[in-house]
Each structure stands twice: as C-alpha cells, then as structure tokens.
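Enquirer: My structure is stored as protein_2.csv, with CSV, N, CA and C atoms and all ligand atoms.
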```csv
chain,number,residue,atom,x,y,z
N,1,MET,N,0.9,-1.2,0.0
N,1,MET,CA,0.0,0.0,0.0
N,1,MET,C,0.9,1.2,0.0
N,2,ALA,N,0.9,2.0,-1.1
N,2,ALA,CA,1.7,3.1,-1.2
N,2,ALA,C,1.2,4.3,-0.5
N,3,TYR,N,2.0,5.2,-0.1
N,3,TYR,CA,1.6,6.5,0.5
N,3,TYR,C,0.9,7.3,-0.6
N,4,GLN,N,0.0,8.2,-0.2
N,4,GLN,CA,-0.6,9.1,-1.1
N,4,GLN,C,-0.6,10.5,-0.5
N,5,ILE,N,-0.4,11.6,-1.4
N,5,ILE,CA,-0.4,12.9,-0.9
N,5,ILE,C,-1.7,13.6,-1.0
N,6,ASN,N,-2.3,14.1,0.0
N,6,ASN,CA,-3.6,14.6,0.0
N,6,ASN,C,-3.6,16.1,-0.4
N,7,ASP,N,-4.8,16.8,-0.4
N,7,ASP,CA,-4.9,18.1,-0.9
N,7,ASP,C,-4.3,19.2,0.0
N,8,ASP,N,-3.9,18.8,1.2
N,8,ASP,CA,-3.3,19.7,2.1
N,8,ASP,C,-1.9,20.1,1.7
N,9,CYS,N,-1.3,19.4,0.7
N,9,CYS,CA,0.0,19.7,0.2
N,9,CYS,C,0.2,21.2,-0.2
N,10,ILE,N,1.2,21.8,0.3
N,10,ILE,CA,1.5,23.2,0.0
N,10,ILE,C,2.7,23.3,-1.0
N,11,LYS,N,3.1,22.2,-1.6
N,11,LYS,CA,4.1,22.2,-2.7
N,11,LYS,C,5.4,22.7,-2.2
N,12,CYS,N,5.8,22.4,-1.0
N,12,CYS,CA,7.1,22.9,-0.5
N,12,CYS,C,8.3,22.1,-1.1
N,13,GLY,N,8.0,20.8,-1.5
N,13,GLY,CA,9.1,20.0,-2.2
N,13,GLY,C,10.0,19.3,-1.2
N,14,VAL,N,9.8,19.4,0.1
N,14,VAL,CA,10.7,18.7,1.0
N,14,VAL,C,10.7,17.2,0.8
N,15,CYS,N,9.5,16.7,0.7
N,15,CYS,CA,9.3,15.2,0.6
N,15,CYS,C,10.1,14.6,-0.6
N,16,ALA,N,10.0,15.3,-1.7
N,16,ALA,CA,10.7,14.8,-2.9
N,16,ALA,C,12.2,14.6,-2.7
N,17,SER,N,12.8,15.5,-2.0
N,17,SER,CA,14.2,15.4,-1.7
N,17,SER,C,14.6,14.3,-0.7
N,18,GLU,N,13.6,13.9,0.1
N,18,GLU,CA,13.8,12.9,1.2
N,18,GLU,C,13.4,11.5,0.8
N,19,CYS,N,12.8,11.3,-0.4
N,19,CYS,CA,12.3,10.0,-0.8
N,19,CYS,C,13.5,9.2,-1.3
N,20,PRO,N,13.8,8.0,-0.7
N,20,PRO,CA,15.0,7.2,-1.1
N,20,PRO,C,14.9,6.6,-2.5
N,21,VAL,N,13.7,6.5,-3.0
N,21,VAL,CA,13.6,5.9,-4.4
N,21,VAL,C,13.1,7.0,-5.4
N,22,SER,N,13.1,8.3,-5.0
N,22,SER,CA,12.8,9.4,-5.9
N,22,SER,C,11.5,9.2,-6.7
N,23,CYS,N,10.4,8.8,-5.9
N,23,CYS,CA,9.2,8.5,-6.6
N,23,CYS,C,8.2,9.6,-6.4
N,24,ILE,N,8.6,10.8,-5.9
N,24,ILE,CA,7.7,11.9,-5.7
N,24,ILE,C,8.0,13.0,-6.6
N,25,SER,N,7.0,13.5,-7.4
N,25,SER,CA,7.3,14.5,-8.3
N,25,SER,C,6.2,15.6,-8.2
N,26,GLU,N,6.5,16.8,-8.7
N,26,GLU,CA,5.6,17.9,-8.6
N,26,GLU,C,4.5,17.8,-9.7
N,27,GLY,N,3.2,17.8,-9.2
N,27,GLY,CA,2.1,17.8,-10.1
N,27,GLY,C,1.5,19.2,-10.2
N,28,ASP,N,0.4,19.3,-10.8
N,28,ASP,CA,-0.2,20.6,-11.0
N,28,ASP,C,-0.7,21.3,-9.7
N,29,ALA,N,-1.5,20.5,-9.0
N,29,ALA,CA,-2.1,21.1,-7.7
N,29,ALA,C,-1.3,20.7,-6.5
N,30,LYS,N,-0.5,19.6,-6.6
N,30,LYS,CA,0.2,19.1,-5.4
N,30,LYS,C,1.3,18.2,-5.9
N,31,TYR,N,2.2,17.8,-4.9
N,31,TYR,CA,3.2,16.8,-5.3
N,31,TYR,C,2.5,15.4,-5.3
N,32,GLU,N,3.0,14.5,-6.1
N,32,GLU,CA,2.4,13.2,-6.3
N,32,GLU,C,3.4,12.1,-6.1
N,33,ILE,N,2.9,11.0,-5.6
N,33,ILE,CA,3.7,9.8,-5.4
N,33,ILE,C,3.4,8.7,-6.5
N,34,ASN,N,4.5,8.2,-7.1
N,34,ASN,CA,4.3,7.1,-8.0
N,34,ASN,C,4.1,5.8,-7.2
N,35,ALA,N,2.9,5.3,-7.1
N,35,ALA,CA,2.5,4.2,-6.3
N,35,ALA,C,3.3,2.9,-6.7
N,36,ASP,N,3.7,2.8,-7.9
N,36,ASP,CA,4.4,1.6,-8.3
N,36,ASP,C,5.8,1.5,-7.8
N,37,GLU,N,6.3,2.7,-7.4
N,37,GLU,CA,7.7,2.7,-6.9
N,37,GLU,C,7.9,2.9,-5.4
N,38,CYS,N,6.8,3.5,-4.8
N,38,CYS,CA,6.9,3.8,-3.3
N,38,CYS,C,7.1,2.5,-2.5
N,39,ILE,N,8.1,2.5,-1.6
N,39,ILE,CA,8.4,1.4,-0.8
N,39,ILE,C,7.9,1.5,0.7
N,40,ASP,N,7.0,2.5,0.9
N,40,ASP,CA,6.3,2.6,2.2
N,40,ASP,C,7.3,3.0,3.3
N,41,CYS,N,8.3,3.7,3.1
N,41,CYS,CA,9.3,4.0,4.1
N,41,CYS,C,8.8,5.0,5.1
N,42,GLY,N,7.9,5.9,4.7
N,42,GLY,CA,7.4,6.9,5.6
N,42,GLY,C,8.2,8.2,5.7
N,43,ASN,N,9.3,8.3,5.0
N,43,ASN,CA,10.1,9.5,5.1
N,43,ASN,C,9.3,10.7,4.7
N,44,CYS,N,8.5,10.6,3.7
N,44,CYS,CA,7.7,11.8,3.2
N,44,CYS,C,6.8,12.3,4.3
N,45,ALA,N,6.1,11.4,5.0
N,45,ALA,CA,5.2,11.7,6.0
N,45,ALA,C,5.9,12.4,7.2
N,46,ASN,N,7.1,11.9,7.5
N,46,ASN,CA,7.9,12.4,8.6
N,46,ASN,C,8.4,13.8,8.4
N,47,VAL,N,8.7,14.2,7.2
N,47,VAL,CA,9.2,15.5,6.9
N,47,VAL,C,8.2,16.5,6.5
N,48,CYS,N,7.0,16.1,6.1
N,48,CYS,CA,6.0,17.0,5.6
N,48,CYS,C,5.5,18.0,6.7
N,49,PRO,N,5.5,19.3,6.5
N,49,PRO,CA,5.0,20.2,7.5
N,49,PRO,C,3.5,20.2,7.7
N,50,VAL,N,2.8,19.7,6.8
N,50,VAL,CA,1.3,19.7,6.9
N,50,VAL,C,0.7,18.3,6.9
N,51,ASP,N,1.5,17.2,7.1
N,51,ASP,CA,1.0,15.9,7.1
N,51,ASP,C,0.2,15.5,5.9
N,52,ALA,N,0.6,15.9,4.8
N,52,ALA,CA,-0.2,15.6,3.6
N,52,ALA,C,0.0,14.1,3.1
N,53,PRO,N,1.2,13.5,3.2
N,53,PRO,CA,1.4,12.1,2.8
N,53,PRO,C,0.7,11.2,3.8
N,54,GLN,N,-0.2,10.4,3.3
N,54,GLN,CA,-0.9,9.4,4.2
N,54,GLN,C,-0.7,8.0,3.7
N,55,ALA,N,-0.6,7.1,4.6
N,55,ALA,CA,-0.4,5.7,4.3
N,55,ALA,C,-1.7,5.1,3.9
O,101,LIG,FE1,9.0,7.8,-1.1
O,101,LIG,FE2,9.0,6.6,1.3
O,101,LIG,FE3,7.2,8.5,0.8
O,101,LIG,FE4,7.1,6.1,-0.5
O,101,LIG,S1,6.8,6.4,1.7
O,101,LIG,S2,6.8,8.2,-1.4
O,101,LIG,S3,9.2,5.6,-0.8
O,101,LIG,S4,9.4,8.8,1.0
O,102,LIG,FE1,3.5,18.7,-0.2
O,102,LIG,FE2,4.2,17.9,2.2
O,102,LIG,FE3,5.6,17.1,0.1
O,102,LIG,FE4,5.7,19.6,1.0
O,102,LIG,S1,6.5,17.8,2.1
O,102,LIG,S2,5.5,19.0,-1.2
O,102,LIG,S3,3.6,19.9,1.7
O,102,LIG,S4,3.5,16.6,0.5
```
Can you give me the file's structure in the form of structure tokens?
Ligand code: SF4
Ligand code: SF4
Expert:
Amino acid sequence: MAYQINDDCIKCGVCASECPVSCISEGDAKYEINADECIDCGNCANVCPVDAPQA
C-alpha cells in the first residue's frame, strides 16, 4: 500500500528530496507519489510540515 499525498500539500518540495527511491514529483495542484515505486518507508510523512502524505 503506497503512500498518497492529499490536498493539504503546499508544494514545499521537501518530501521529494527525502524520498529514497525518488518516486515523488511535482504535479499541477500538489506533489504526487508514483505508487508503483513507493516502498512505504514513511520519510515523506515524517518531513512534511502539513501531514499531507498518508499511508
Ligand atoms: Fe518515497 Fe518513502 Fe514516501 Fe514512499 S513512503 S513516497 S518511498 S518517501
Ligand atoms: Fe507537499 Fe508535504 Fe511534500 Fe511539501 S512535504 S511537497 S507539503 S507533501
């Protein structure tokens, strides 16, 4: 079960630089996680200032 980024994302970009498999990219409205590559490590959730990445 991959993490998903919800609409609370403020597009700060911190999560993308902390993802060990580089599966987070900037989308139009928010950052997005490639579910096929996410390894469920939780780094993005840990560093996000608004708790947007959810398991
Ligand atoms: Fe990347 Fe880990 Fe977040 Fe998945 S849970 S998107 S692997 S930082
Ligand atoms: Fe969005 Fe949180 Fe990632 Fe920043 S760290 S881009 S607010 S999901």
Enquirer: Taking into account only C-alpha atoms and all ligand atoms, which residue in the set N:Cys12, N:Ile33, N:Ile39, N:Ala2 is nearest to ligand LIG 102 (chain O)?
Expert: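 Of the candidates, the smallest distance to ligand LIG 102 (chain O) is held by N:Cys12.
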Enquirer: Can you tell me, as JSON, numbers by chain, what residues are no more than 6.5 Å from segment 18-32 of chain N when counting all atoms listed in the file, ignoring any on the same chain fewer than 3 positions away?
Expert: {"N": [5, 9, 10, 11, 14, 15, 37, 38, 43, 44]}
Enquirer: Build an axis-aligned box that encloses every atom of segment 45-51 of chain N listed in the file, pad it by 6 Å on each side, and report its centre and edge lengths in Å to one decimal, as AutoDock Vina command-line options.
Expert:
```
--center_x 4.7 --center_y 15.8 --center_z 6.8 --size_x 21.0 --size_y 20.8 --size_z 15.6
```
Enquirer: With DSSP run on the backbone, what are the helix (DSSP H, G or I) residues within chain N? I'd like them as number ranges by chain.
Expert: N: 14-18, 43-47
Enquirer: With distances taken over all atoms listed in the file, which of N:Met1, N:Asp40, N:Asn34, N:Ala45 is nearest to ligand LIG 102 (chain O)?
Expert: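 Of all the options, N:Ala45 lies closest to ligand LIG 102 (chain O).
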Enquirer: To one decimal place in Å, what is the distance between atom CA of Cys48 of chain N and atom CA of Asp36 of chain N?
Expert: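 Going from atom CA of Cys48 of chain N over to atom CA of Asp36 of chain N covers 20.8 Å.
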Enquirer: Record the distance separating atom FE2 of ligand LIG 102 (chain O) and atom CA of Ala35 of chain N, expressed in Å with one decimal.
Expert: 16.2 Å
Enquirer: In Å, how far is it from atom N of Gln54 of chain N to atom CA of Ala16 of chain N?
Expert: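 Straight-line distance from atom N of Gln54 of chain N to atom CA of Ala16 of chain N works out to 13.3 Å.
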Enquirer: Could you add the missing atoms to segment 23-42 of chain N, up to N, CA, C and O atoms, and return them as an mmCIF file, keeping the file's coordinate frame?
Expert:
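Result written to selection32.cif:
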```cif
data_model
loop_
_atom_site.group_PDB
_atom_site.id
_atom_site.type_symbol
_atom_site.label_atom_id
_atom_site.label_comp_id
_atom_site.auth_asym_id
_atom_site.auth_seq_id
_atom_site.Cartn_x
_atom_site.Cartn_y
_atom_site.Cartn_z
ATOM 1 N N CYS N 23 10.400 8.800 -5.900
ATOM 2 C CA CYS N 23 9.200 8.500 -6.600
ATOM 3 C C CYS N 23 8.200 9.600 -6.400
ATOM 4 O O CYS N 23 6.981 9.445 -6.714
ATOM 5 N N ILE N 24 8.600 10.800 -5.900
ATOM 6 C CA ILE N 24 7.700 11.900 -5.700
ATOM 7 C C ILE N 24 8.000 13.000 -6.600
ATOM 8 O O ILE N 24 9.203 13.376 -6.787
ATOM 9 N N SER N 25 7.000 13.500 -7.400
ATOM 10 C CA SER N 25 7.300 14.500 -8.300
ATOM 11 C C SER N 25 6.200 15.600 -8.200
ATOM 12 O O SER N 25 5.138 15.405 -7.625
ATOM 13 N N GLU N 26 6.500 16.800 -8.700
ATOM 14 C CA GLU N 26 5.600 17.900 -8.600
ATOM 15 C C GLU N 26 4.500 17.800 -9.700
ATOM 16 O O GLU N 26 4.722 17.673 -10.864
ATOM 17 N N GLY N 27 3.200 17.800 -9.200
ATOM 18 C CA GLY N 27 2.100 17.800 -10.100
ATOM 19 C C GLY N 27 1.500 19.200 -10.200
ATOM 20 O O GLY N 27 2.080 20.161 -9.685
ATOM 21 N N ASP N 28 0.400 19.300 -10.800
ATOM 22 C CA ASP N 28 -0.200 20.600 -11.000
ATOM 23 C C ASP N 28 -0.700 21.300 -9.700
ATOM 24 O O ASP N 28 -0.331 22.385 -9.393
ATOM 25 N N ALA N 29 -1.500 20.500 -9.000
ATOM 26 C CA ALA N 29 -2.100 21.100 -7.700
ATOM 27 C C ALA N 29 -1.300 20.700 -6.500
ATOM 28 O O ALA N 29 -1.337 21.387 -5.477
ATOM 29 N N LYS N 30 -0.500 19.600 -6.600
ATOM 30 C CA LYS N 30 0.200 19.100 -5.400
ATOM 31 C C LYS N 30 1.300 18.200 -5.900
ATOM 32 O O LYS N 30 1.354 17.817 -7.034
ATOM 33 N N TYR N 31 2.200 17.800 -4.900
ATOM 34 C CA TYR N 31 3.200 16.800 -5.300
ATOM 35 C C TYR N 31 2.500 15.400 -5.300
ATOM 36 O O TYR N 31 1.437 15.213 -4.663
ATOM 37 N N GLU N 32 3.000 14.500 -6.100
ATOM 38 C CA GLU N 32 2.400 13.200 -6.300
ATOM 39 C C GLU N 32 3.400 12.100 -6.100
ATOM 40 O O GLU N 32 4.552 12.213 -6.473
ATOM 41 N N ILE N 33 2.900 11.000 -5.600
ATOM 42 C CA ILE N 33 3.700 9.800 -5.400
ATOM 43 C C ILE N 33 3.400 8.700 -6.500
ATOM 44 O O ILE N 33 2.245 8.410 -6.718
ATOM 45 N N ASN N 34 4.500 8.200 -7.100
ATOM 46 C CA ASN N 34 4.300 7.100 -8.000
ATOM 47 C C ASN N 34 4.100 5.800 -7.200
ATOM 48 O O ASN N 34 5.029 5.273 -6.561
ATOM 49 N N ALA N 35 2.900 5.300 -7.100
ATOM 50 C CA ALA N 35 2.500 4.200 -6.300
ATOM 51 C C ALA N 35 3.300 2.900 -6.700
ATOM 52 O O ALA N 35 3.448 2.020 -5.812
ATOM 53 N N ASP N 36 3.700 2.800 -7.900
ATOM 54 C CA ASP N 36 4.400 1.600 -8.300
ATOM 55 C C ASP N 36 5.800 1.500 -7.800
ATOM 56 O O ASP N 36 6.412 0.449 -7.721
ATOM 57 N N GLU N 37 6.300 2.700 -7.400
ATOM 58 C CA GLU N 37 7.700 2.700 -6.900
ATOM 59 C C GLU N 37 7.900 2.900 -5.400
ATOM 60 O O GLU N 37 8.905 2.651 -4.824
ATOM 61 N N CYS N 38 6.800 3.500 -4.800
ATOM 62 C CA CYS N 38 6.900 3.800 -3.300
ATOM 63 C C CYS N 38 7.100 2.500 -2.500
ATOM 64 O O CYS N 38 6.495 1.453 -2.764
ATOM 65 N N ILE N 39 8.100 2.500 -1.600
ATOM 66 C CA ILE N 39 8.400 1.400 -0.800
ATOM 67 C C ILE N 39 7.900 1.500 0.700
ATOM 68 O O ILE N 39 8.311 0.788 1.554
ATOM 69 N N ASP N 40 7.000 2.500 0.900
ATOM 70 C CA ASP N 40 6.300 2.600 2.200
ATOM 71 C C ASP N 40 7.300 3.000 3.300
ATOM 72 O O ASP N 40 7.053 2.513 4.439
ATOM 73 N N CYS N 41 8.300 3.700 3.100
ATOM 74 C CA CYS N 41 9.300 4.000 4.100
ATOM 75 C C CYS N 41 8.800 5.000 5.100
ATOM 76 O O CYS N 41 9.256 5.026 6.273
ATOM 77 N N GLY N 42 7.900 5.900 4.700
ATOM 78 C CA GLY N 42 7.400 6.900 5.600
ATOM 79 C C GLY N 42 8.200 8.200 5.700
ATOM 80 O O GLY N 42 7.757 9.092 6.447
#
```
